[in-house]
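Have a look at entry-v4.cif below; it lists mmCIF, C-alpha atoms.
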```cif
data_structure
#
loop_
_atom_site.group_PDB
_atom_site.id
_atom_site.type_symbol
_atom_site.label_atom_id
_atom_site.label_comp_id
_atom_site.auth_asym_id
_atom_site.auth_seq_id
_atom_site.Cartn_x
_atom_site.Cartn_y
_atom_site.Cartn_z
ATOM 1 C CA MET A 1 26.755 -64.918 -6.297
ATOM 2 C CA THR A 2 29.626 -62.424 -6.136
ATOM 3 C CA THR A 3 30.128 -59.423 -3.866
ATOM 4 C CA THR A 4 29.331 -57.172 -6.828
ATOM 5 C CA ASP A 5 25.999 -58.990 -7.299
ATOM 6 C CA ALA A 6 25.253 -58.646 -3.592
ATOM 7 C CA LYS A 7 26.130 -54.944 -3.608
ATOM 8 C CA ASP A 8 23.950 -54.473 -6.695
ATOM 9 C CA ASP A 9 21.077 -56.335 -5.024
ATOM 10 C CA LEU A 10 21.286 -54.188 -1.907
ATOM 11 C CA ALA A 11 21.490 -50.944 -3.886
ATOM 12 C CA TYR A 12 18.594 -52.114 -6.060
ATOM 13 C CA ILE A 13 16.350 -52.971 -3.078
ATOM 14 C CA ARG A 14 17.116 -49.633 -1.399
ATOM 15 C CA GLY A 15 16.453 -47.759 -4.649
ATOM 16 C CA VAL A 16 13.110 -49.510 -5.247
ATOM 17 C CA MET A 17 11.998 -48.962 -1.660
ATOM 18 C CA HIS A 18 12.988 -45.306 -1.680
ATOM 19 C CA GLN A 19 11.222 -44.684 -4.993
ATOM 20 C CA THR A 20 8.039 -46.490 -3.900
ATOM 21 C CA GLN A 21 7.867 -44.823 -0.491
ATOM 22 C CA ARG A 22 7.693 -41.434 -2.212
ATOM 23 C CA PHE A 23 4.833 -42.579 -4.444
ATOM 24 C CA THR A 24 1.450 -41.001 -3.795
ATOM 25 C CA ILE A 25 -1.596 -40.700 -5.948
ATOM 26 C CA MET A 26 -3.850 -38.001 -4.573
ATOM 27 C CA SER A 27 -7.243 -36.958 -5.787
ATOM 28 C CA GLY A 28 -8.147 -33.303 -5.293
ATOM 29 C CA ASP A 29 -11.822 -34.137 -4.660
ATOM 30 C CA HIS A 30 -11.492 -33.504 -0.905
ATOM 31 C CA PHE A 31 -10.082 -30.015 -1.539
ATOM 32 C CA ILE A 32 -12.945 -29.176 -3.914
ATOM 33 C CA LEU A 33 -15.528 -30.531 -1.470
ATOM 34 C CA TRP A 34 -14.232 -28.708 1.623
ATOM 35 C CA GLY A 35 -13.384 -25.537 -0.291
ATOM 36 C CA VAL A 36 -16.951 -25.288 -1.619
ATOM 37 C CA LEU A 37 -18.551 -26.283 1.710
ATOM 38 C CA ILE A 38 -16.529 -23.933 3.938
ATOM 39 C CA GLY A 39 -16.849 -21.129 1.373
ATOM 40 C CA THR A 40 -20.636 -21.598 1.368
ATOM 41 C CA GLY A 41 -20.683 -21.653 5.180
ATOM 42 C CA LEU A 42 -18.700 -18.411 5.350
ATOM 43 C CA LEU A 43 -21.020 -16.749 2.831
ATOM 44 C CA CYS A 44 -23.944 -17.858 5.031
ATOM 45 C CA ASN A 45 -22.135 -16.208 7.980
ATOM 46 C CA TRP A 46 -21.859 -13.008 5.986
ATOM 47 C CA TRP A 47 -25.523 -13.041 4.930
ATOM 48 C CA LEU A 48 -27.044 -14.201 8.211
ATOM 49 C CA ALA A 49 -24.865 -12.421 10.810
ATOM 50 C CA GLY A 50 -26.832 -9.581 12.337
ATOM 51 C CA SER A 51 -30.038 -10.597 10.534
ATOM 52 C CA THR A 52 -33.194 -12.020 12.112
ATOM 53 C CA HIS A 53 -32.079 -15.487 10.948
ATOM 54 C CA GLU A 54 -28.742 -15.420 12.785
ATOM 55 C CA ASN A 55 -29.805 -18.463 14.826
ATOM 56 C CA TRP A 56 -29.660 -20.535 11.609
ATOM 57 C CA LEU A 57 -25.850 -20.311 11.661
ATOM 58 C CA GLY A 58 -25.456 -23.128 14.205
ATOM 59 C CA PRO A 59 -27.480 -25.666 12.162
ATOM 60 C CA VAL A 60 -25.771 -24.488 8.930
ATOM 61 C CA TRP A 61 -22.281 -25.271 10.330
ATOM 62 C CA LEU A 62 -23.535 -28.525 11.857
ATOM 63 C CA VAL A 63 -24.845 -29.662 8.450
ATOM 64 C CA ILE A 64 -21.586 -28.544 6.770
ATOM 65 C CA SER A 65 -19.366 -30.350 9.301
ATOM 66 C CA LEU A 66 -21.358 -33.591 9.456
ATOM 67 C CA GLY A 67 -22.312 -33.638 5.750
ATOM 68 C CA GLY A 68 -18.741 -32.799 4.694
ATOM 69 C CA GLY A 69 -17.327 -35.443 7.018
ATOM 70 C CA PHE A 70 -19.709 -38.074 5.645
ATOM 71 C CA VAL A 71 -19.019 -37.256 1.966
ATOM 72 C CA SER A 72 -15.259 -37.017 2.668
ATOM 73 C CA PHE A 73 -15.320 -40.472 4.286
ATOM 74 C CA TRP A 74 -17.198 -41.887 1.280
ATOM 75 C CA LEU A 75 -14.720 -40.255 -1.157
ATOM 76 C CA GLY A 76 -11.795 -41.658 0.837
ATOM 77 C CA ARG A 77 -13.219 -45.192 0.712
ATOM 78 C CA ARG A 78 -13.822 -44.893 -3.032
ATOM 79 C CA GLU A 79 -10.276 -43.590 -3.673
ATOM 80 C CA TYR A 80 -8.773 -46.356 -1.546
ATOM 81 C CA ARG A 81 -10.554 -48.988 -3.649
ATOM 82 C CA ARG A 82 -9.681 -47.376 -6.986
ATOM 83 C CA ALA A 83 -6.077 -46.306 -6.366
ATOM 84 C CA PRO A 84 -3.481 -48.718 -7.776
ATOM 85 C CA VAL A 85 -1.458 -48.424 -4.591
ATOM 86 C CA ALA A 86 -2.118 -47.700 -0.937
ATOM 87 C CA SER A 87 1.044 -45.958 0.218
ATOM 88 C CA TRP A 88 2.144 -44.848 3.656
ATOM 89 C CA ALA A 89 2.525 -41.285 2.351
ATOM 90 C CA GLY A 90 -1.128 -41.357 1.259
ATOM 91 C CA ARG A 91 -2.207 -42.546 4.688
ATOM 92 C CA LEU A 92 -0.132 -39.795 6.336
ATOM 93 C CA ILE A 93 -1.791 -37.151 4.155
ATOM 94 C CA GLY A 94 -5.193 -38.388 5.340
ATOM 95 C CA ASN A 95 -4.002 -38.173 8.942
ATOM 96 C CA VAL A 96 -2.604 -34.667 8.465
ATOM 97 C CA TRP A 97 -6.028 -33.411 7.353
ATOM 98 C CA LEU A 98 -7.804 -35.322 10.098
ATOM 99 C CA ALA A 99 -5.511 -33.574 12.601
ATOM 100 C CA CYS A 100 -6.149 -30.201 10.939
ATOM 101 C CA GLY A 101 -9.892 -30.921 11.063
ATOM 102 C CA MET A 102 -9.621 -31.540 14.796
ATOM 103 C CA GLY A 103 -7.760 -28.219 15.107
ATOM 104 C CA TYR A 104 -10.586 -26.409 13.278
ATOM 105 C CA VAL A 105 -13.251 -28.042 15.442
ATOM 106 C CA LEU A 106 -11.458 -27.413 18.760
ATOM 107 C CA LEU A 107 -10.280 -23.879 18.084
ATOM 108 C CA LEU A 108 -12.932 -22.511 15.766
ATOM 109 C CA LEU A 109 -16.164 -24.297 16.706
ATOM 110 C CA LEU A 110 -15.651 -25.081 20.401
ATOM 111 C CA GLY A 111 -13.200 -22.224 21.057
ATOM 112 C CA ILE A 112 -15.480 -19.549 19.664
ATOM 113 C CA ALA A 113 -18.661 -21.106 21.123
ATOM 114 C CA GLY A 114 -16.968 -21.269 24.542
ATOM 115 C CA GLY A 115 -15.664 -17.707 24.275
ATOM 116 C CA VAL A 116 -12.022 -18.800 24.592
ATOM 117 C CA VAL A 117 -11.118 -17.787 21.034
ATOM 118 C CA PRO A 118 -12.240 -14.349 19.814
ATOM 119 C CA ALA A 119 -14.445 -14.662 16.708
ATOM 120 C CA TYR A 120 -12.500 -11.917 14.896
ATOM 121 C CA ALA A 121 -9.368 -14.120 14.967
ATOM 122 C CA SER A 122 -11.132 -17.125 13.409
ATOM 123 C CA ALA A 123 -10.134 -16.447 9.778
ATOM 124 C CA GLY A 124 -6.463 -15.966 10.731
ATOM 125 C CA ILE A 125 -6.392 -19.151 12.823
ATOM 126 C CA ALA A 126 -8.140 -21.115 10.059
ATOM 127 C CA ALA A 127 -5.611 -19.828 7.503
ATOM 128 C CA ALA A 128 -2.696 -20.799 9.790
ATOM 129 C CA ILE A 129 -4.016 -24.370 10.258
ATOM 130 C CA THR A 130 -4.790 -24.706 6.538
ATOM 131 C CA GLY A 131 -1.235 -23.580 5.737
ATOM 132 C CA ILE A 132 0.130 -26.377 7.942
ATOM 133 C CA GLY A 133 -2.041 -28.965 6.157
ATOM 134 C CA VAL A 134 -1.102 -27.675 2.707
ATOM 135 C CA ASP A 135 2.630 -27.565 3.554
ATOM 136 C CA LEU A 136 2.734 -31.132 4.891
ATOM 137 C CA THR A 137 0.591 -32.446 2.014
ATOM 138 C CA GLY A 138 2.959 -30.795 -0.469
ATOM 139 C CA VAL A 139 5.969 -32.444 1.181
ATOM 140 C CA LEU A 140 4.362 -35.904 1.460
ATOM 141 C CA ALA A 141 2.883 -35.866 -2.049
ATOM 142 C CA ASN A 142 6.059 -34.381 -3.515
ATOM 143 C CA LEU A 143 4.130 -31.417 -4.954
ATOM 144 C CA GLY A 144 6.410 -28.399 -4.659
ATOM 145 C CA TRP A 145 3.941 -25.953 -6.235
ATOM 146 C CA PHE A 146 1.196 -27.011 -3.815
ATOM 147 C CA ARG A 147 3.555 -26.750 -0.856
ATOM 148 C CA ASN A 148 4.486 -23.191 -1.843
ATOM 149 C CA THR A 149 0.835 -22.096 -1.611
ATOM 150 C CA ALA A 150 1.140 -22.669 2.173
ATOM 151 C CA TRP A 151 3.160 -19.450 2.341
ATOM 152 C CA LEU A 152 0.215 -17.535 0.890
ATOM 153 C CA TRP A 153 -2.072 -19.055 3.560
ATOM 154 C CA TRP A 154 0.355 -18.080 6.320
ATOM 155 C CA LEU A 155 0.893 -14.605 4.876
ATOM 156 C CA ALA A 156 -2.863 -14.012 4.656
ATOM 157 C CA GLY A 157 -3.280 -15.555 8.138
ATOM 158 C CA ALA A 158 -0.720 -13.148 9.570
ATOM 159 C CA ALA A 159 -2.491 -10.186 7.956
ATOM 160 C CA MET A 160 -5.886 -11.362 9.258
ATOM 161 C CA ILE A 161 -4.556 -11.814 12.816
ATOM 162 C CA VAL A 162 -2.598 -8.540 12.918
ATOM 163 C CA LYS A 163 -5.361 -6.497 11.321
ATOM 164 C CA PRO A 164 -8.740 -8.192 11.826
ATOM 165 C CA GLY A 165 -11.778 -6.677 10.174
ATOM 166 C CA ALA A 166 -14.762 -7.220 7.912
ATOM 167 C CA TYR A 167 -12.448 -7.854 4.949
ATOM 168 C CA THR A 168 -11.189 -11.168 6.415
ATOM 169 C CA LEU A 169 -14.326 -13.113 5.497
ATOM 170 C CA PRO A 170 -14.406 -12.366 1.739
ATOM 171 C CA LEU A 171 -10.586 -12.683 1.689
ATOM 172 C CA PHE A 172 -10.819 -16.159 3.222
ATOM 173 C CA VAL A 173 -13.509 -17.192 0.716
ATOM 174 C CA GLY A 174 -11.256 -15.922 -2.091
ATOM 175 C CA LEU A 175 -8.294 -17.876 -0.697
ATOM 176 C CA LEU A 176 -10.420 -21.020 -0.478
ATOM 177 C CA LEU A 177 -11.393 -20.657 -4.109
ATOM 178 C CA LEU A 178 -7.905 -19.816 -5.359
ATOM 179 C CA LEU A 179 -5.689 -21.953 -3.109
ATOM 180 C CA TYR A 180 -7.997 -24.862 -2.304
ATOM 181 C CA VAL A 181 -10.650 -25.403 -4.975
ATOM 182 C CA VAL A 182 -8.446 -24.564 -7.996
ATOM 183 C CA PRO A 183 -5.533 -26.827 -6.844
ATOM 184 C CA GLY A 184 -8.201 -29.442 -6.053
ATOM 185 C CA ILE A 185 -9.432 -29.315 -9.654
ATOM 186 C CA ILE A 186 -5.837 -29.570 -10.970
ATOM 187 C CA LEU A 187 -5.067 -32.540 -8.678
ATOM 188 C CA SER A 188 -8.363 -34.203 -9.576
ATOM 189 C CA ARG A 189 -7.576 -33.984 -13.288
ATOM 190 C CA GLN A 190 -4.070 -35.367 -12.717
ATOM 191 C CA TYR A 191 -5.552 -38.193 -10.632
ATOM 192 C CA ARG A 192 -8.054 -39.184 -13.313
ATOM 193 C CA ARG A 193 -5.405 -39.010 -16.033
ATOM 194 C CA SER A 194 -3.109 -41.210 -13.956
ATOM 195 C CA LEU A 195 -5.903 -43.753 -13.356
ATOM 196 C CA ARG A 196 -6.694 -43.836 -17.079
ATOM 197 C CA GLY A 197 -2.993 -44.252 -17.918
ATOM 198 C CA ASP A 198 -2.798 -46.999 -15.359
ATOM 199 C CA ALA A 199 -5.726 -48.894 -16.836
ATOM 200 C CA ALA A 200 -4.349 -48.579 -20.379
ATOM 201 C CA MET B 1 37.879 -62.533 -10.798
ATOM 202 C CA SER B 2 39.259 -59.574 -8.835
ATOM 203 C CA GLY B 3 39.563 -59.462 -5.069
ATOM 204 C CA ALA B 4 36.725 -56.996 -4.859
ATOM 205 C CA ASP B 5 34.526 -59.360 -6.846
ATOM 206 C CA SER B 6 35.025 -62.523 -4.807
ATOM 207 C CA GLU B 7 32.367 -65.212 -4.451
ATOM 208 C CA PHE B 8 30.587 -66.100 -1.251
ATOM 209 C CA ASP B 9 28.188 -68.766 -0.058
ATOM 210 C CA HIS B 10 24.953 -68.014 -1.885
ATOM 211 C CA THR B 11 23.235 -71.111 -0.432
ATOM 212 C CA ALA B 12 22.707 -69.158 2.787
ATOM 213 C CA LEU B 13 20.438 -66.776 0.886
ATOM 214 C CA ASP B 14 16.704 -67.257 0.296
ATOM 215 C CA ASP B 15 16.298 -69.080 -3.039
ATOM 216 C CA LEU B 16 12.982 -67.380 -3.730
ATOM 217 C CA LEU B 17 14.582 -63.966 -3.485
ATOM 218 C CA HIS B 18 17.399 -64.748 -5.908
ATOM 219 C CA SER B 19 15.211 -63.598 -8.786
ATOM 220 C CA ARG B 20 15.452 -59.849 -9.416
ATOM 221 C CA ILE B 21 11.733 -59.594 -10.238
ATOM 222 C CA ARG B 22 10.662 -61.356 -7.036
ATOM 223 C CA LEU B 23 13.124 -59.270 -5.037
ATOM 224 C CA ALA B 24 11.759 -56.087 -6.647
ATOM 225 C CA VAL B 25 8.151 -57.126 -5.925
ATOM 226 C CA MET B 26 9.032 -57.752 -2.285
ATOM 227 C CA ALA B 27 10.870 -54.394 -2.038
ATOM 228 C CA VAL B 28 7.919 -52.539 -3.584
ATOM 229 C CA LEU B 29 5.383 -54.241 -1.317
ATOM 230 C CA ALA B 30 7.556 -53.567 1.737
ATOM 231 C CA SER B 31 7.246 -49.838 1.010
ATOM 232 C CA VAL B 32 3.452 -49.681 0.610
ATOM 233 C CA GLU B 33 0.401 -51.048 2.400
ATOM 234 C CA GLN B 34 -0.837 -52.835 -0.710
ATOM 235 C CA ALA B 35 -0.525 -52.512 -4.467
ATOM 236 C CA GLU B 36 -2.532 -53.498 -7.501
ATOM 237 C CA PHE B 37 -1.129 -55.814 -10.211
ATOM 238 C CA SER B 38 -0.784 -52.985 -12.775
ATOM 239 C CA PHE B 39 1.207 -50.859 -10.293
ATOM 240 C CA LEU B 40 3.605 -53.729 -9.599
ATOM 241 C CA LYS B 41 3.959 -54.330 -13.336
ATOM 242 C CA GLN B 42 4.862 -50.675 -13.847
ATOM 243 C CA GLN B 43 7.350 -50.636 -10.982
ATOM 244 C CA VAL B 44 9.217 -53.851 -11.778
ATOM 245 C CA LYS B 45 8.898 -53.491 -15.565
ATOM 246 C CA ALA B 46 7.771 -57.050 -16.239
ATOM 247 C CA THR B 47 5.232 -58.591 -18.608
ATOM 248 C CA ASP B 48 1.833 -59.774 -17.322
ATOM 249 C CA GLY B 49 2.675 -63.478 -17.635
ATOM 250 C CA ASN B 50 6.123 -63.215 -16.129
ATOM 251 C CA LEU B 51 4.993 -61.116 -13.183
ATOM 252 C CA GLY B 52 1.962 -63.350 -12.623
ATOM 253 C CA ALA B 53 4.184 -66.437 -12.378
ATOM 254 C CA HIS B 54 6.549 -64.758 -9.899
ATOM 255 C CA LEU B 55 3.648 -63.474 -7.794
ATOM 256 C CA ARG B 56 2.176 -66.987 -7.650
ATOM 257 C CA LYS B 57 5.476 -68.366 -6.352
ATOM 258 C CA LEU B 58 5.679 -65.704 -3.644
ATOM 259 C CA GLU B 59 2.036 -66.268 -2.718
ATOM 260 C CA GLU B 60 2.560 -70.034 -2.484
ATOM 261 C CA ALA B 61 5.517 -69.431 -0.167
ATOM 262 C CA GLY B 62 3.247 -67.312 2.032
ATOM 263 C CA TYR B 63 5.340 -64.177 1.425
ATOM 264 C CA LEU B 64 2.406 -62.165 0.166
ATOM 265 C CA THR B 65 -1.364 -62.132 0.239
ATOM 266 C CA ALA B 66 -3.615 -61.504 -2.745
ATOM 267 C CA THR B 67 -7.085 -59.995 -2.573
ATOM 268 C CA LYS B 68 -9.371 -60.121 -5.581
ATOM 269 C CA GLN B 69 -12.129 -57.545 -5.951
ATOM 270 C CA PHE B 70 -14.250 -55.820 -8.578
ATOM 271 C CA VAL B 71 -13.778 -52.065 -9.011
ATOM 272 C CA ASP B 72 -16.147 -50.397 -11.474
ATOM 273 C CA ARG B 73 -17.036 -53.898 -12.727
ATOM 274 C CA LYS B 74 -13.399 -54.643 -13.566
ATOM 275 C CA PRO B 75 -11.528 -57.423 -11.752
ATOM 276 C CA GLN B 76 -8.595 -56.221 -9.687
ATOM 277 C CA THR B 77 -6.012 -58.107 -7.646
ATOM 278 C CA ARG B 78 -4.246 -56.328 -4.824
ATOM 279 C CA TYR B 79 -1.115 -57.677 -3.191
ATOM 280 C CA ALA B 80 0.331 -57.039 0.256
ATOM 281 C CA LEU B 81 3.398 -58.385 2.012
ATOM 282 C CA SER B 82 2.609 -60.883 4.775
ATOM 283 C CA ALA B 83 4.415 -61.020 8.120
ATOM 284 C CA THR B 84 6.389 -64.018 6.783
ATOM 285 C CA GLY B 85 7.294 -61.970 3.719
ATOM 286 C CA TYR B 86 8.561 -59.067 5.832
ATOM 287 C CA GLN B 87 10.682 -61.446 7.891
ATOM 288 C CA ALA B 88 12.060 -63.151 4.773
ATOM 289 C CA LEU B 89 13.008 -59.848 3.132
ATOM 290 C CA ALA B 90 14.570 -58.510 6.342
ATOM 291 C CA ALA B 91 16.556 -61.761 6.796
ATOM 292 C CA HIS B 92 17.683 -61.629 3.148
ATOM 293 C CA LEU B 93 18.911 -58.050 3.562
ATOM 294 C CA ARG B 94 20.669 -58.898 6.821
ATOM 295 C CA LYS B 95 22.439 -61.856 5.223
ATOM 296 C CA LEU B 96 23.525 -59.815 2.191
ATOM 297 C CA GLU B 97 24.908 -57.106 4.462
ATOM 298 C CA ALA B 98 26.621 -59.626 6.754
ATOM 299 C CA MET B 99 28.209 -61.397 3.772
ATOM 300 C CA LEU B 100 29.497 -58.135 2.348
ATOM 301 C CA THR B 101 30.871 -57.093 5.737
ATOM 302 C CA GLY B 102 32.533 -60.523 6.057
ATOM 303 C CA VAL B 103 34.163 -60.243 2.647
ATOM 304 C CA GLN B 104 35.385 -56.730 3.419
ATOM 305 C CA THR B 105 36.895 -57.887 6.724
ATOM 306 C CA GLN B 106 38.634 -60.813 4.965
ATOM 307 C CA GLN B 107 40.079 -58.447 2.361
ATOM 308 C CA GLN B 108 41.346 -56.072 5.057
ATOM 309 C CA GLU B 109 43.001 -58.958 6.929
ATOM 310 C CA LYS B 110 44.818 -60.030 3.755
#
```
Rewritten as structure tokens:
Amino acid sequence: MTTTDAKDDLAYIRGVMHQTQRFTIMSGDHFILWGVLIGTGLLCNWWLAGSTHENWLGPVWLVISLGGGFVSFWLGRREYRRAPVASWAGRLIGNVWLACGMGYVLLLLLGIAGGVVPAYASAGIAAAITGIGVDLTGVLANLGWFRNTAWLWWLAGAAMIVKPGAYTLPLFVGLLLLLYVVPGIILSRQYRRSLRGDAA
Amino acid sequence: MSGADSEFDHTALDDLLHSRIRLAVMAVLASVEQAEFSFLKQQVKATDGNLGAHLRKLEEAGYLTATKQFVDRKPQTRYALSATGYQALAAHLRKLEAMLTGVQTQQQEK
């Protein structure tokens, strides 16, 4: 072996490792699931708030949180088994959303229930946390377009915190549909195409 | 052979990692938790038979572990680097770097 061979070997190993570390294969199913579930929960808020059935809101959010968590866990297990590679970036993305989920639960469920967080600020706070999750996911999954949507979450979050009002709820549902469910569908299609290509 | 392309003692290096394909497999597996056969094939650009033979050698040396499972009724083999494999790759890299540093120092002294 010559020094040139050794240099080539080292450069080759570093190149392969760098390229593989960046590799992620992400299904958008979680985005579709949570986008639809949270959107439905917020619509229930809108319909039930102030009505005689307002006390149903607690059980509705309990079912959404527990049901969503259960289905999300099942989807994660299925993806882990099917994906051709289990990368560190993929694991980090899972952890980012777990951390965001804890933020939602602490600030929005416990914070509002305990009276520490004002209910009118909930949409703005949720948008801010979602923006963090979207930004980090975009960086880790190397999806520039997805990362850029974080700015829209933060912009909307700022508007909803500075000027809270009745408009924040339908705006948040619209954002969920446009910036969560639609990217989820795009990512899901890409994921299935990549799995098919992989099997071929 | 030029001064910059001098030879050094290759016997100090891990024989198993002399092969580019095996080295690539180890580098790929060091960067992920685990990977399926088809992913490795794509990354190292090898044929099924060739890659299979190299993977067997690495598995026999205890450098990687293989897990067979059925996903959607299709057989799938997933590979992961073992602790021995990590150590072997790290030692190989250290030796390569040390050898290159040694050669550079020798050239500077001349």
May I have the residues within 9 Å of Trp46 of chain A as an mmCIF file with C-alpha atoms, keeping the file's coordinate frame, using only C-alpha atoms and disregarding those fewer than 5 positions away in the same chain?
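Below you can see around_0.cif, which holds the result:
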```cif
data_model
loop_
_atom_site.group_PDB
_atom_site.id
_atom_site.type_symbol
_atom_site.label_atom_id
_atom_site.label_comp_id
_atom_site.auth_asym_id
_atom_site.auth_seq_id
_atom_site.Cartn_x
_atom_site.Cartn_y
_atom_site.Cartn_z
ATOM 1 C CA GLY A 41 -20.683 -21.653 5.180
ATOM 2 C CA LEU A 169 -14.326 -13.113 5.497
ATOM 3 C CA PRO A 170 -14.406 -12.366 1.739
#
```
- Task: Pull out every residue of chain A that has at least one atom within 7 Å of chain B, counting all atoms listed in the file, and report them as number ranges by chain.
- Result: A: 1-4, 6, 13, 16-17, 20-21, 81-82, 84-88, 198
- Chain and number of each residue from the PyMOL selection byres ((chain A and resi 129-137) around 9), as a VMD selection string: chain A and resid 92 to 94 96 to 97 99 to 101 103 to 104 124 to 128 138 to 143 146 to 154 157 180
- Task: Please provide the set of residues having any atom within 10 Å of Phe73 of chain A, restricted to only C-alpha atoms, with same-chain residues fewer than 6 positions apart removed, written as a list of chain:residue names.
- Result: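 Answer for this query is A:His30, A:Gly67, A:Glu79.
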- Task: Just the residues within 12 Å of Gly165 of chain A, please, counting only C-alpha atoms, with nothing from its chain fewer than 3 positions along; format it as a VMD selection string.
- Result: chain A and resid 119 to 124 159 to 162 168 to 172
- atom CA of Val116 of chain A and atom CA of Leu98 of chain A, how far apart in Å?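 So the two atoms, atom CA of Leu98 of chain A and atom CA of Val116 of chain A, lie 22.4 Å apart.
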Could you rebuild segment 47-60 of chain B with N, CA and C atoms and give me the result as a PDB file, in the coordinates of the input?
```pdb
ATOM      1  N   THR B  47       6.444 -58.326 -17.821  1.00  0.00           N
ATOM      2  CA  THR B  47       5.232 -58.591 -18.608  1.00  0.00           C
ATOM      3  C   THR B  47       4.187 -59.224 -17.683  1.00  0.00           C
ATOM      4  N   ASP B  48       2.932 -59.226 -18.132  1.00  0.00           N
ATOM      5  CA  ASP B  48       1.833 -59.774 -17.322  1.00  0.00           C
ATOM      6  C   ASP B  48       2.115 -61.218 -16.891  1.00  0.00           C
ATOM      7  N   GLY B  49       2.484 -62.051 -17.900  1.00  0.00           N
ATOM      8  CA  GLY B  49       2.675 -63.478 -17.635  1.00  0.00           C
ATOM      9  C   GLY B  49       3.831 -63.741 -16.684  1.00  0.00           C
ATOM     10  N   ASN B  50       4.925 -63.052 -16.942  1.00  0.00           N
ATOM     11  CA  ASN B  50       6.123 -63.215 -16.129  1.00  0.00           C
ATOM     12  C   ASN B  50       5.861 -62.799 -14.682  1.00  0.00           C
ATOM     13  N   LEU B  51       5.265 -61.621 -14.530  1.00  0.00           N
ATOM     14  CA  LEU B  51       4.993 -61.116 -13.183  1.00  0.00           C
ATOM     15  C   LEU B  51       3.998 -62.032 -12.461  1.00  0.00           C
ATOM     16  N   GLY B  52       2.982 -62.465 -13.217  1.00  0.00           N
ATOM     17  CA  GLY B  52       1.962 -63.350 -12.623  1.00  0.00           C
ATOM     18  C   GLY B  52       2.585 -64.618 -12.063  1.00  0.00           C
ATOM     19  N   ALA B  53       3.527 -65.195 -12.818  1.00  0.00           N
ATOM     20  CA  ALA B  53       4.184 -66.437 -12.378  1.00  0.00           C
ATOM     21  C   ALA B  53       4.999 -66.197 -11.107  1.00  0.00           C
ATOM     22  N   HIS B  54       5.734 -65.073 -11.080  1.00  0.00           N
ATOM     23  CA  HIS B  54       6.549 -64.758  -9.899  1.00  0.00           C
ATOM     24  C   HIS B  54       5.668 -64.486  -8.676  1.00  0.00           C
ATOM     25  N   LEU B  55       4.555 -63.780  -8.909  1.00  0.00           N
ATOM     26  CA  LEU B  55       3.648 -63.474  -7.794  1.00  0.00           C
ATOM     27  C   LEU B  55       3.050 -64.761  -7.218  1.00  0.00           C
ATOM     28  N   ARG B  56       2.736 -65.699  -8.107  1.00  0.00           N
ATOM     29  CA  ARG B  56       2.176 -66.987  -7.650  1.00  0.00           C
ATOM     30  C   ARG B  56       3.173 -67.709  -6.741  1.00  0.00           C
ATOM     31  N   LYS B  57       4.442 -67.690  -7.155  1.00  0.00           N
ATOM     32  CA  LYS B  57       5.476 -68.366  -6.352  1.00  0.00           C
ATOM     33  C   LYS B  57       5.581 -67.735  -4.963  1.00  0.00           C
ATOM     34  N   LEU B  58       5.571 -66.410  -4.932  1.00  0.00           N
ATOM     35  CA  LEU B  58       5.679 -65.704  -3.644  1.00  0.00           C
ATOM     36  C   LEU B  58       4.441 -65.948  -2.782  1.00  0.00           C
ATOM     37  N   GLU B  59       3.288 -66.026  -3.450  1.00  0.00           N
ATOM     38  CA  GLU B  59       2.036 -66.268  -2.718  1.00  0.00           C
ATOM     39  C   GLU B  59       2.028 -67.685  -2.140  1.00  0.00           C
ATOM     40  N   GLU B  60       2.507 -68.636  -2.949  1.00  0.00           N
ATOM     41  CA  GLU B  60       2.560 -70.034  -2.484  1.00  0.00           C
ATOM     42  C   GLU B  60       3.508 -70.191  -1.286  1.00  0.00           C
TER      43      GLU B  60
END
```
